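Undergrad: Structure below; questions to follow.
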Amino acid sequence: MKVTALAGGVGGAKLLVGLQEILDPGSLTAVVNTADDAEIFGVHVSPDIDIVTYWLAGIADKERGWGVQGDTFTLVDSLARLGVDAWFRLGDRDFATCLYRTNRLQEGVALSEVTGEVARQLGVPTNILPMSDNSVRTEITTWDDRRLKFQEYFVKERTAPEVAAVHLMGIDTAAPAANVLDTIATADRVILCPSNPIVSIGPIVGLRGVRAALRAHRKVIAVSPIIRGAALKGPADRLLTSLGFRSTASGVAELYRDFCDVFVVDRTDADEIEKVEMTGMAAVAADTIMRDDAASAALATTLLQL
Ligand code: GDP
Ligand code: CA
């Protein structure tokens, strides 16, 4: 069975670990958000690609969610010692990945190519594709009318500001990376991971042709990142509410209504099923909290049996 999964960072990575475990090598493709990317300390940081790659390579710091397990922070601490405002905590090994990426991009190699190289060198059997080789950058307007780059909002200001608007800079001119549309069309199942619907899944679906490719597919399955009205981690719940959506599983389903076929809510949200079905898609309940790899694999198995 061939599976294509759309993912952001941690919520996506956890489900991908389970899918990778139960599928044959090479039959899983992850299409990963790059709208969080940023130039930091002179290198091209791709937070979601790296989170997904490290989790699938088995070297992620799972407590923290991002970065490499056991990484050191000599470089950022040394920069701070020189007076640099080092608010972005990039570990030393993590920095090496970003430096490699930056050098390859400067040589004219596409991001999708570099992403595949890193994944292969780290022994990842899954095909990891950035959503686009072109630049798309999320920016935030806050309620007090400041304009922040995504990492300034997410890391520097720890998602504290209330969000008035989300801007996906470059989304109208960016093309999906080569293979993205094809890998959706030819997959037996397309899975929308329980990633942030606004800033992780939103940019991928916003790329030209992606929404139509999802609509044309008959087995698109989404897992809710919102459980009992709240995100397990991160600002997804507050973002939904600030932008006028409901912070519930059915609120997320509403955003996916035109292209999703089956929506999976958490077992504890069974009362959401009826509301999801009102959008016209099928809904089922499952254990969606991925506490460990076994829970990820169990959820992945359930999804492929739907
Ligand atoms: P980020 O880029 O690292 O913020 O990660 P994503 O966009 O991929 O995912 C963020 C979302 O993942 C949050 O809304 C969380 O609620 C959700 N999430 C994290 N872990 C789990 C889990 O085990 N199960 C479910 N259903 N959602 C999860
Ligand atoms: Ca992210």
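Scheme for the structure tokens: letters A, B, ... for chains in order shown; per-chain residue numbers from 1; ligand numbers from 1 in order shown.
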DSSP says strand (DSSP E or B) for which residues of segment 83-230 of chain A? Put them as number ranges by chain?
TA: A: 127-130, 132, 137-142, 147-149, 163-169, 176, 189-192, 220-223, 226-227, 230
Undergrad: What would the file look like if the residues just selected were written as a PDB file, in the first residue's frame with C-alpha atoms?
TA:
ATOM      1  CA  ASN A 127      10.435   9.725   1.191  1.00  0.00           C
ATOM      2  CA  ILE A 128      10.418  13.213   2.763  1.00  0.00           C
ATOM      3  CA  LEU A 129       9.321  15.998   0.434  1.00  0.00           C
ATOM      4  CA  PRO A 130       9.201  19.697   1.281  1.00  0.00           C
ATOM      5  CA  SER A 132       7.618  23.474  -2.230  1.00  0.00           C
ATOM      6  CA  ARG A 137       6.868  32.364   4.683  1.00  0.00           C
ATOM      7  CA  THR A 138       4.211  32.630   7.351  1.00  0.00           C
ATOM      8  CA  GLU A 139       3.891  36.015   9.003  1.00  0.00           C
ATOM      9  CA  ILE A 140       1.608  37.055  11.831  1.00  0.00           C
ATOM     10  CA  THR A 141      -0.225  40.278  12.541  1.00  0.00           C
ATOM     11  CA  THR A 142      -0.890  40.594  16.256  1.00  0.00           C
ATOM     12  CA  ARG A 147       3.928  42.210  12.126  1.00  0.00           C
ATOM     13  CA  LEU A 148       6.034  39.199  13.170  1.00  0.00           C
ATOM     14  CA  LYS A 149       7.859  36.549  11.178  1.00  0.00           C
ATOM     15  CA  VAL A 163      -3.134  36.702  16.474  1.00  0.00           C
ATOM     16  CA  ALA A 164      -5.269  38.964  14.281  1.00  0.00           C
ATOM     17  CA  ALA A 165      -4.208  37.528  10.915  1.00  0.00           C
ATOM     18  CA  VAL A 166      -1.944  34.908   9.364  1.00  0.00           C
ATOM     19  CA  HIS A 167      -0.228  35.748   6.070  1.00  0.00           C
ATOM     20  CA  LEU A 168       1.326  33.082   3.844  1.00  0.00           C
ATOM     21  CA  MET A 169       3.834  35.223   1.958  1.00  0.00           C
ATOM     22  CA  PRO A 176       4.300  22.487  -5.088  1.00  0.00           C
ATOM     23  CA  ARG A 189      -4.473   6.647   1.091  1.00  0.00           C
ATOM     24  CA  VAL A 190      -3.756  10.300   1.776  1.00  0.00           C
ATOM     25  CA  ILE A 191      -3.441  11.173   5.452  1.00  0.00           C
ATOM     26  CA  LEU A 192      -3.607  14.627   6.985  1.00  0.00           C
ATOM     27  CA  VAL A 220      -8.315  11.341   2.248  1.00  0.00           C
ATOM     28  CA  ILE A 221      -8.235  10.740   6.003  1.00  0.00           C
ATOM     29  CA  ALA A 222      -7.560  13.462   8.578  1.00  0.00           C
ATOM     30  CA  VAL A 223      -6.700  13.077  12.264  1.00  0.00           C
ATOM     31  CA  ILE A 226      -7.667  19.218  18.691  1.00  0.00           C
ATOM     32  CA  ILE A 227      -8.840  16.988  21.520  1.00  0.00           C
ATOM     33  CA  ALA A 230      -7.567  21.957  23.139  1.00  0.00           C
TER      34      ALA A 230
END
Undergrad: Residues within 9 Å of ligand 1, counting only C-alpha atoms and all ligand atoms: report them as an mmCIF file with all heavy atoms, in the first residue's frame.
TA:
data_model
loop_
_atom_site.group_PDB
_atom_site.id
_atom_site.type_symbol
_atom_site.label_atom_id
_atom_site.label_comp_id
_atom_site.auth_asym_id
_atom_site.auth_seq_id
_atom_site.Cartn_x
_atom_site.Cartn_y
_atom_site.Cartn_z
ATOM 1 N N ALA A 7 2.167 16.812 6.582
ATOM 2 C CA ALA A 7 2.599 16.984 7.967
ATOM 3 C C ALA A 7 3.229 18.339 8.232
ATOM 4 O O ALA A 7 3.838 18.951 7.353
ATOM 5 C CB ALA A 7 3.616 15.895 8.319
ATOM 6 N N GLY A 8 3.096 18.769 9.495
ATOM 7 C CA GLY A 8 3.857 19.903 10.003
ATOM 8 C C GLY A 8 5.026 19.337 10.794
ATOM 9 O O GLY A 8 5.767 18.479 10.291
ATOM 10 N N GLY A 9 5.150 19.764 12.056
ATOM 11 C CA GLY A 9 6.258 19.302 12.892
ATOM 12 C C GLY A 9 5.879 18.121 13.760
ATOM 13 O O GLY A 9 5.647 17.014 13.257
ATOM 14 N N VAL A 10 5.771 18.373 15.078
ATOM 15 C CA VAL A 10 5.676 17.275 16.041
ATOM 16 C C VAL A 10 4.436 16.390 15.862
ATOM 17 O O VAL A 10 4.549 15.161 15.873
ATOM 18 C CB VAL A 10 5.714 17.829 17.488
ATOM 19 C CG1 VAL A 10 5.588 16.703 18.493
ATOM 20 C CG2 VAL A 10 7.011 18.585 17.721
ATOM 21 N N GLY A 11 3.260 17.002 15.702
ATOM 22 C CA GLY A 11 2.037 16.196 15.533
ATOM 23 C C GLY A 11 2.161 15.308 14.306
ATOM 24 O O GLY A 11 1.753 14.140 14.312
ATOM 25 N N GLY A 12 2.741 15.848 13.245
ATOM 26 C CA GLY A 12 2.955 15.083 12.022
ATOM 27 C C GLY A 12 3.987 13.983 12.221
ATOM 28 O O GLY A 12 3.776 12.828 11.837
ATOM 29 N N ALA A 13 5.100 14.345 12.846
ATOM 30 C CA ALA A 13 6.205 13.397 13.027
ATOM 31 C C ALA A 13 5.767 12.160 13.811
ATOM 32 O O ALA A 13 6.114 11.030 13.465
ATOM 33 C CB ALA A 13 7.361 14.092 13.746
ATOM 34 N N LYS A 14 4.959 12.385 14.851
ATOM 35 C CA LYS A 14 4.526 11.250 15.684
ATOM 36 C C LYS A 14 3.736 10.238 14.866
ATOM 37 O O LYS A 14 3.951 9.035 14.998
ATOM 38 C CB LYS A 14 3.647 11.759 16.820
ATOM 39 C CG LYS A 14 4.377 12.459 17.935
ATOM 40 C CD LYS A 14 3.307 12.746 18.995
ATOM 41 C CE LYS A 14 3.783 13.487 20.167
ATOM 42 N NZ LYS A 14 2.611 13.843 21.013
ATOM 43 N N LEU A 15 2.817 10.716 14.031
ATOM 44 C CA LEU A 15 2.025 9.772 13.235
ATOM 45 C C LEU A 15 2.886 9.132 12.143
ATOM 46 O O LEU A 15 2.741 7.945 11.844
ATOM 47 C CB LEU A 15 0.800 10.471 12.628
ATOM 48 C CG LEU A 15 -0.134 9.566 11.824
ATOM 49 C CD1 LEU A 15 -0.583 8.344 12.636
ATOM 50 C CD2 LEU A 15 -1.350 10.344 11.337
ATOM 51 N N ASN A 33 5.378 20.787 5.597
ATOM 52 C CA ASN A 33 5.278 22.251 5.585
ATOM 53 C C ASN A 33 6.655 22.921 5.608
ATOM 54 O O ASN A 33 7.533 22.525 6.377
ATOM 55 C CB ASN A 33 4.495 22.686 6.828
ATOM 56 C CG ASN A 33 4.472 24.190 7.011
ATOM 57 O OD1 ASN A 33 4.241 24.931 6.058
ATOM 58 N ND2 ASN A 33 4.713 24.633 8.237
ATOM 59 N N ASP A 36 7.305 27.576 7.814
ATOM 60 C CA ASP A 36 7.979 27.983 9.068
ATOM 61 C C ASP A 36 9.460 28.252 8.847
ATOM 62 O O ASP A 36 10.170 28.596 9.785
ATOM 63 C CB ASP A 36 7.982 26.839 10.101
ATOM 64 C CG ASP A 36 6.625 26.437 10.601
ATOM 65 O OD1 ASP A 36 5.632 26.905 10.039
ATOM 66 O OD2 ASP A 36 6.592 25.638 11.552
ATOM 67 N N PRO A 47 12.361 24.012 10.185
ATOM 68 C CA PRO A 47 12.005 23.329 11.435
ATOM 69 C C PRO A 47 11.151 22.077 11.238
ATOM 70 O O PRO A 47 11.429 21.040 11.852
ATOM 71 C CB PRO A 47 11.240 24.400 12.211
ATOM 72 C CG PRO A 47 11.715 25.699 11.645
ATOM 73 C CD PRO A 47 11.985 25.437 10.201
ATOM 74 N N ASP A 48 10.129 22.156 10.396
ATOM 75 C CA ASP A 48 9.243 20.998 10.280
ATOM 76 C C ASP A 48 9.916 19.838 9.552
ATOM 77 O O ASP A 48 9.781 18.672 9.956
ATOM 78 C CB ASP A 48 7.919 21.399 9.616
ATOM 79 C CG ASP A 48 7.030 22.234 10.549
ATOM 80 O OD1 ASP A 48 7.367 22.329 11.749
ATOM 81 O OD2 ASP A 48 6.023 22.787 10.090
ATOM 82 N N ILE A 51 12.323 18.299 12.124
ATOM 83 C CA ILE A 51 11.610 17.535 13.160
ATOM 84 C C ILE A 51 11.193 16.178 12.585
ATOM 85 O O ILE A 51 11.459 15.127 13.177
ATOM 86 C CB ILE A 51 10.368 18.322 13.667
ATOM 87 C CG1 ILE A 51 10.816 19.501 14.544
ATOM 88 C CG2 ILE A 51 9.414 17.409 14.436
ATOM 89 C CD1 ILE A 51 9.700 20.467 14.918
ATOM 90 N N VAL A 52 10.569 16.196 11.412
ATOM 91 C CA VAL A 52 10.100 14.950 10.785
ATOM 92 C C VAL A 52 11.278 14.016 10.500
ATOM 93 O O VAL A 52 11.241 12.813 10.796
ATOM 94 C CB VAL A 52 9.308 15.280 9.493
ATOM 95 C CG1 VAL A 52 9.164 14.061 8.601
ATOM 96 C CG2 VAL A 52 7.936 15.857 9.848
ATOM 97 N N GLY A 65 10.526 17.700 21.600
ATOM 98 C CA GLY A 65 9.768 17.732 20.346
ATOM 99 C C GLY A 65 10.633 18.091 19.157
ATOM 100 O O GLY A 65 10.461 17.577 18.076
ATOM 101 N N TRP A 66 11.593 18.991 19.335
ATOM 102 C CA TRP A 66 12.450 19.432 18.236
ATOM 103 C C TRP A 66 13.911 19.122 18.560
ATOM 104 O O TRP A 66 14.275 18.848 19.703
ATOM 105 C CB TRP A 66 12.290 20.935 17.982
ATOM 106 C CG TRP A 66 12.461 21.794 19.200
ATOM 107 C CD1 TRP A 66 11.479 22.162 20.086
ATOM 108 C CD2 TRP A 66 13.685 22.343 19.712
ATOM 109 N NE1 TRP A 66 12.022 22.915 21.097
ATOM 110 C CE2 TRP A 66 13.376 23.051 20.885
ATOM 111 C CE3 TRP A 66 15.016 22.311 19.276
ATOM 112 C CZ2 TRP A 66 14.343 23.723 21.644
ATOM 113 C CZ3 TRP A 66 15.968 22.984 20.026
ATOM 114 C CH2 TRP A 66 15.637 23.680 21.204
ATOM 115 N N PHE A 154 6.565 32.362 17.172
ATOM 116 C CA PHE A 154 6.517 31.014 17.739
ATOM 117 C C PHE A 154 7.600 30.796 18.803
ATOM 118 O O PHE A 154 7.311 30.254 19.874
ATOM 119 C CB PHE A 154 6.698 30.009 16.598
ATOM 120 C CG PHE A 154 6.260 28.609 16.922
ATOM 121 C CD1 PHE A 154 4.909 28.284 16.998
ATOM 122 C CD2 PHE A 154 7.192 27.597 17.135
ATOM 123 C CE1 PHE A 154 4.499 26.994 17.279
ATOM 124 C CE2 PHE A 154 6.782 26.300 17.418
ATOM 125 C CZ PHE A 154 5.440 25.996 17.492
ATOM 126 N N CYS A 193 -2.023 14.536 8.797
ATOM 127 C CA CYS A 193 -1.573 14.279 10.162
ATOM 128 C C CYS A 193 -2.226 15.273 11.130
ATOM 129 O O CYS A 193 -2.709 16.323 10.703
ATOM 130 C CB CYS A 193 -0.062 14.422 10.232
ATOM 131 S SG CYS A 193 0.812 13.138 9.316
ATOM 132 N N PRO A 194 -2.215 14.956 12.426
ATOM 133 C CA PRO A 194 -2.792 15.896 13.407
ATOM 134 C C PRO A 194 -1.852 17.076 13.642
ATOM 135 O O PRO A 194 -1.328 17.265 14.733
ATOM 136 C CB PRO A 194 -2.964 15.039 14.664
ATOM 137 C CG PRO A 194 -1.899 13.998 14.546
ATOM 138 C CD PRO A 194 -1.759 13.723 13.076
ATOM 139 N N SER A 195 -1.628 17.841 12.597
ATOM 140 C CA SER A 195 -0.763 19.018 12.651
ATOM 141 C C SER A 195 -1.629 20.264 12.726
ATOM 142 O O SER A 195 -2.839 20.203 12.493
ATOM 143 C CB SER A 195 0.128 19.055 11.410
ATOM 144 O OG SER A 195 1.086 18.008 11.466
ATOM 145 N N ASN A 196 -0.994 21.372 13.015
ATOM 146 C CA ASN A 196 -1.719 22.637 13.127
ATOM 147 C C ASN A 196 -2.443 22.951 11.813
ATOM 148 O O ASN A 196 -1.809 23.087 10.771
ATOM 149 C CB ASN A 196 -0.707 23.744 13.469
ATOM 150 C CG ASN A 196 -1.370 25.050 13.806
ATOM 151 O OD1 ASN A 196 -2.257 25.500 13.102
ATOM 152 N ND2 ASN A 196 -0.938 25.653 14.902
ATOM 153 N N PRO A 197 -3.789 23.047 11.846
ATOM 154 C CA PRO A 197 -4.539 23.220 10.586
ATOM 155 C C PRO A 197 -4.266 24.559 9.903
ATOM 156 O O PRO A 197 -4.368 24.660 8.688
ATOM 157 C CB PRO A 197 -6.005 23.116 11.014
ATOM 158 C CG PRO A 197 -6.022 23.269 12.486
ATOM 159 C CD PRO A 197 -4.671 22.922 13.012
ATOM 160 N N ILE A 198 -3.909 25.581 10.689
ATOM 161 C CA ILE A 198 -3.725 26.927 10.127
ATOM 162 C C ILE A 198 -2.310 27.120 9.586
ATOM 163 O O ILE A 198 -2.132 27.543 8.443
ATOM 164 C CB ILE A 198 -3.986 28.018 11.199
ATOM 165 C CG1 ILE A 198 -5.351 27.831 11.864
ATOM 166 C CG2 ILE A 198 -3.819 29.414 10.601
ATOM 167 C CD1 ILE A 198 -6.537 28.127 10.987
ATOM 168 N N VAL A 199 -1.292 26.816 10.396
ATOM 169 C CA VAL A 199 0.070 27.163 9.983
ATOM 170 C C VAL A 199 0.916 25.974 9.516
ATOM 171 O O VAL A 199 2.040 26.165 9.067
ATOM 172 C CB VAL A 199 0.830 27.952 11.082
ATOM 173 C CG1 VAL A 199 0.178 29.318 11.293
ATOM 174 C CG2 VAL A 199 0.911 27.181 12.387
ATOM 175 N N SER A 200 0.392 24.737 9.630
ATOM 176 C CA SER A 200 1.144 23.582 9.106
ATOM 177 C C SER A 200 0.439 22.971 7.886
ATOM 178 O O SER A 200 1.033 22.871 6.810
ATOM 179 C CB SER A 200 1.318 22.505 10.187
ATOM 180 O OG SER A 200 2.153 22.967 11.238
ATOM 181 N N ILE A 201 -0.809 22.556 8.049
ATOM 182 C CA ILE A 201 -1.560 21.969 6.926
ATOM 183 C C ILE A 201 -2.007 23.082 5.965
ATOM 184 O O ILE A 201 -1.971 22.919 4.731
ATOM 185 C CB ILE A 201 -2.778 21.161 7.429
ATOM 186 C CG1 ILE A 201 -2.330 20.027 8.365
ATOM 187 C CG2 ILE A 201 -3.581 20.611 6.254
ATOM 188 C CD1 ILE A 201 -1.475 18.941 7.735
ATOM 189 N N VAL A 223 -6.655 13.320 10.818
ATOM 190 C CA VAL A 223 -6.700 13.077 12.264
ATOM 191 C C VAL A 223 -6.741 14.431 12.964
ATOM 192 O O VAL A 223 -5.929 15.316 12.669
ATOM 193 C CB VAL A 223 -5.467 12.281 12.744
ATOM 194 C CG1 VAL A 223 -5.527 12.062 14.258
ATOM 195 C CG2 VAL A 223 -5.356 10.955 12.004
ATOM 196 N N SER A 224 -7.659 14.593 13.896
ATOM 197 C CA SER A 224 -7.801 15.879 14.580
ATOM 198 C C SER A 224 -6.628 16.173 15.518
ATOM 199 O O SER A 224 -6.281 15.345 16.358
ATOM 200 C CB SER A 224 -9.099 15.905 15.393
ATOM 201 O OG SER A 224 -9.189 17.155 16.041
ATOM 202 N N PRO A 225 -6.053 17.361 15.403
ATOM 203 C CA PRO A 225 -5.018 17.780 16.368
ATOM 204 C C PRO A 225 -5.655 18.389 17.617
ATOM 205 O O PRO A 225 -4.962 18.662 18.590
ATOM 206 C CB PRO A 225 -4.249 18.859 15.593
ATOM 207 C CG PRO A 225 -5.279 19.470 14.700
ATOM 208 C CD PRO A 225 -6.275 18.378 14.358
ATOM 209 N N ILE A 226 -6.962 18.611 17.559
ATOM 210 C CA ILE A 226 -7.667 19.218 18.691
ATOM 211 C C ILE A 226 -8.446 18.123 19.412
ATOM 212 O O ILE A 226 -9.229 17.400 18.794
ATOM 213 C CB ILE A 226 -8.636 20.322 18.210
ATOM 214 C CG1 ILE A 226 -7.882 21.443 17.462
ATOM 215 C CG2 ILE A 226 -9.442 20.904 19.385
ATOM 216 C CD1 ILE A 226 -6.957 22.284 18.315
ATOM 217 N N ILE A 227 -8.188 18.006 20.706
ATOM 218 C CA ILE A 227 -8.840 16.988 21.520
ATOM 219 C C ILE A 227 -9.530 17.675 22.691
ATOM 220 O O ILE A 227 -8.902 18.443 23.416
ATOM 221 C CB ILE A 227 -7.801 15.951 22.026
ATOM 222 C CG1 ILE A 227 -7.136 15.272 20.816
ATOM 223 C CG2 ILE A 227 -8.454 14.934 22.955
ATOM 224 C CD1 ILE A 227 -6.042 14.285 21.171
ATOM 225 N N ALA A 230 -8.903 21.383 22.926
ATOM 226 C CA ALA A 230 -7.567 21.957 23.139
ATOM 227 C C ALA A 230 -6.502 21.255 22.300
ATOM 228 O O ALA A 230 -6.637 20.083 21.956
ATOM 229 C CB ALA A 230 -7.197 21.857 24.614
ATOM 230 N N ALA A 231 -5.441 21.991 21.997
ATOM 231 C CA ALA A 231 -4.267 21.388 21.368
ATOM 232 C C ALA A 231 -3.466 20.685 22.454
ATOM 233 O O ALA A 231 -3.465 21.120 23.610
ATOM 234 C CB ALA A 231 -3.418 22.467 20.704
ATOM 235 N N LEU A 232 -2.804 19.579 22.117
ATOM 236 C CA LEU A 232 -1.965 18.907 23.110
ATOM 237 C C LEU A 232 -0.758 19.773 23.429
ATOM 238 O O LEU A 232 -0.216 19.742 24.523
ATOM 239 C CB LEU A 232 -1.503 17.549 22.586
ATOM 240 C CG LEU A 232 -2.605 16.496 22.476
ATOM 241 C CD1 LEU A 232 -2.020 15.175 22.000
ATOM 242 C CD2 LEU A 232 -3.309 16.298 23.806
ATOM 243 N N LYS A 233 -0.316 20.525 22.434
ATOM 244 C CA LYS A 233 0.846 21.394 22.574
ATOM 245 C C LYS A 233 0.745 22.465 21.506
ATOM 246 O O LYS A 233 0.197 22.206 20.440
ATOM 247 C CB LYS A 233 2.113 20.537 22.343
ATOM 248 C CG LYS A 233 3.358 21.079 23.006
ATOM 249 C CD LYS A 233 4.558 20.200 22.716
ATOM 250 C CE LYS A 233 5.841 20.890 23.189
ATOM 251 N NZ LYS A 233 7.026 20.175 22.755
ATOM 252 N N GLY A 234 1.259 23.639 21.786
ATOM 253 C CA GLY A 234 1.289 24.676 20.755
ATOM 254 C C GLY A 234 0.015 25.494 20.688
ATOM 255 O O GLY A 234 -0.917 25.290 21.464
ATOM 256 N N PRO A 235 -0.018 26.437 19.737
ATOM 257 C CA PRO A 235 -1.064 27.463 19.723
ATOM 258 C C PRO A 235 -2.270 27.154 18.842
ATOM 259 O O PRO A 235 -3.085 28.038 18.605
ATOM 260 C CB PRO A 235 -0.314 28.667 19.148
ATOM 261 C CG PRO A 235 0.645 28.053 18.174
ATOM 262 C CD PRO A 235 1.023 26.690 18.737
ATOM 263 N N ALA A 236 -2.427 25.905 18.360
ATOM 264 C CA ALA A 236 -3.490 25.630 17.378
ATOM 265 C C ALA A 236 -4.868 26.043 17.893
ATOM 266 O O ALA A 236 -5.655 26.654 17.171
ATOM 267 C CB ALA A 236 -3.490 24.150 16.997
ATOM 268 N N ASP A 237 -5.145 25.747 19.167
ATOM 269 C CA ASP A 237 -6.483 26.071 19.698
ATOM 270 C C ASP A 237 -6.715 27.579 19.730
ATOM 271 O O ASP A 237 -7.730 28.081 19.260
ATOM 272 C CB ASP A 237 -6.703 25.423 21.080
ATOM 273 C CG ASP A 237 -5.510 25.521 22.019
ATOM 274 O OD1 ASP A 237 -4.550 26.250 21.692
ATOM 275 O OD2 ASP A 237 -5.529 24.878 23.086
ATOM 276 N N VAL A 264 -11.003 11.682 11.673
ATOM 277 C CA VAL A 264 -10.823 10.869 12.872
ATOM 278 C C VAL A 264 -10.722 11.771 14.095
ATOM 279 O O VAL A 264 -9.823 12.616 14.183
ATOM 280 C CB VAL A 264 -9.557 9.993 12.754
ATOM 281 C CG1 VAL A 264 -9.370 9.149 14.008
ATOM 282 C CG2 VAL A 264 -9.644 9.101 11.514
ATOM 283 N N VAL A 265 -11.663 11.606 15.020
ATOM 284 C CA VAL A 265 -11.628 12.364 16.273
ATOM 285 C C VAL A 265 -11.109 11.446 17.376
ATOM 286 O O VAL A 265 -11.095 10.219 17.226
ATOM 287 C CB VAL A 265 -13.026 12.903 16.668
ATOM 288 C CG1 VAL A 265 -13.618 13.743 15.553
ATOM 289 C CG2 VAL A 265 -13.983 11.761 17.039
ATOM 290 N N ASP A 266 -10.667 12.049 18.454
ATOM 291 C CA ASP A 266 -10.194 11.224 19.563
ATOM 292 C C ASP A 266 -11.372 10.506 20.219
ATOM 293 O O ASP A 266 -12.508 10.986 20.202
ATOM 294 C CB ASP A 266 -9.460 12.082 20.597
ATOM 295 C CG ASP A 266 -8.748 11.211 21.614
ATOM 296 O OD1 ASP A 266 -7.747 10.568 21.236
ATOM 297 O OD2 ASP A 266 -9.206 11.135 22.776
ATOM 298 N N ASP A 287 -8.179 6.064 19.333
ATOM 299 C CA ASP A 287 -7.215 6.589 20.311
ATOM 300 C C ASP A 287 -6.165 7.359 19.532
ATOM 301 O O ASP A 287 -5.359 6.764 18.815
ATOM 302 C CB ASP A 287 -6.566 5.448 21.094
ATOM 303 C CG ASP A 287 -7.574 4.777 22.009
ATOM 304 O OD1 ASP A 287 -8.369 5.513 22.640
ATOM 305 O OD2 ASP A 287 -7.590 3.538 22.069
ATOM 306 N N THR A 288 -6.177 8.672 19.643
ATOM 307 C CA THR A 288 -5.273 9.472 18.802
ATOM 308 C C THR A 288 -4.129 10.102 19.580
ATOM 309 O O THR A 288 -3.321 10.825 19.003
ATOM 310 C CB THR A 288 -6.041 10.599 18.062
ATOM 311 O OG1 THR A 288 -6.458 11.567 19.028
ATOM 312 C CG2 THR A 288 -7.246 10.064 17.298
ATOM 313 N N ILE A 289 -4.062 9.852 20.881
ATOM 314 C CA ILE A 289 -2.946 10.435 21.645
ATOM 315 C C ILE A 289 -1.741 9.504 21.551
ATOM 316 O O ILE A 289 -1.769 8.384 22.050
ATOM 317 C CB ILE A 289 -3.343 10.705 23.103
ATOM 318 C CG1 ILE A 289 -4.512 11.701 23.125
ATOM 319 C CG2 ILE A 289 -2.151 11.255 23.889
ATOM 320 C CD1 ILE A 289 -4.969 12.119 24.507
ATOM 321 N N MET A 290 -0.699 9.971 20.872
ATOM 322 C CA MET A 290 0.466 9.116 20.582
ATOM 323 C C MET A 290 1.539 9.318 21.648
ATOM 324 O O MET A 290 2.498 10.045 21.458
ATOM 325 C CB MET A 290 0.971 9.414 19.166
ATOM 326 C CG MET A 290 -0.082 9.058 18.106
ATOM 327 S SD MET A 290 0.364 9.588 16.438
ATOM 328 C CE MET A 290 -0.136 11.324 16.505
ATOM 329 N N ARG A 291 1.352 8.621 22.769
ATOM 330 C CA ARG A 291 2.269 8.760 23.902
ATOM 331 C C ARG A 291 3.630 8.158 23.609
ATOM 332 O O ARG A 291 4.637 8.577 24.145
ATOM 333 C CB ARG A 291 1.704 8.035 25.127
ATOM 334 C CG ARG A 291 0.556 8.747 25.749
ATOM 335 C CD ARG A 291 0.069 8.049 27.014
ATOM 336 N NE ARG A 291 -1.188 8.658 27.423
ATOM 337 C CZ ARG A 291 -2.365 8.326 26.902
ATOM 338 N NH1 ARG A 291 -2.445 7.359 26.002
ATOM 339 N NH2 ARG A 291 -3.458 8.946 27.286
ATOM 340 N N ASP A 292 3.638 7.101 22.774
ATOM 341 C CA ASP A 292 4.894 6.425 22.441
ATOM 342 C C ASP A 292 4.771 5.808 21.043
ATOM 343 O O ASP A 292 3.719 5.935 20.405
ATOM 344 C CB ASP A 292 5.215 5.355 23.498
ATOM 345 C CG ASP A 292 4.029 4.413 23.725
ATOM 346 O OD1 ASP A 292 3.224 4.226 22.794
ATOM 347 O OD2 ASP A 292 3.904 3.869 24.833
ATOM 348 N N ALA A 295 1.817 3.488 20.411
ATOM 349 C CA ALA A 295 0.544 4.183 20.205
ATOM 350 C C ALA A 295 0.481 4.771 18.795
ATOM 351 O O ALA A 295 -0.577 4.756 18.145
ATOM 352 C CB ALA A 295 0.381 5.282 21.255
ATOM 353 N N SER A 296 1.611 5.255 18.287
ATOM 354 C CA SER A 296 1.658 5.792 16.913
ATOM 355 C C SER A 296 1.370 4.686 15.904
ATOM 356 O O SER A 296 0.598 4.884 14.954
ATOM 357 C CB SER A 296 3.037 6.387 16.615
ATOM 358 O OG SER A 296 3.307 7.462 17.474
#
Undergrad: Counting only C-alpha atoms and all ligand atoms, which of A:Gly251, A:Cys98, A:Gln151, A:Ala86 gets nearest to ligand 2?
TA: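 Of all the options, A:Gln151 lies closest to ligand 2.
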Undergrad: Residues at most 12 Å from Leu75 of chain A, counting only C-alpha atoms, excluding those fewer than 2 positions away in the same chain, as number ranges by chain?
TA: A: 41, 71-73, 77-82, 84, 86, 88-96
Undergrad: Hey, what's within 12 Å of Asn134 of chain A if we count only C-alpha atoms and toss same-chain stuff fewer than 2 positions away? As number ranges by chain, please?
TA: A: 33-35, 37, 105, 110-112, 130-132, 136-137, 169-178, 207
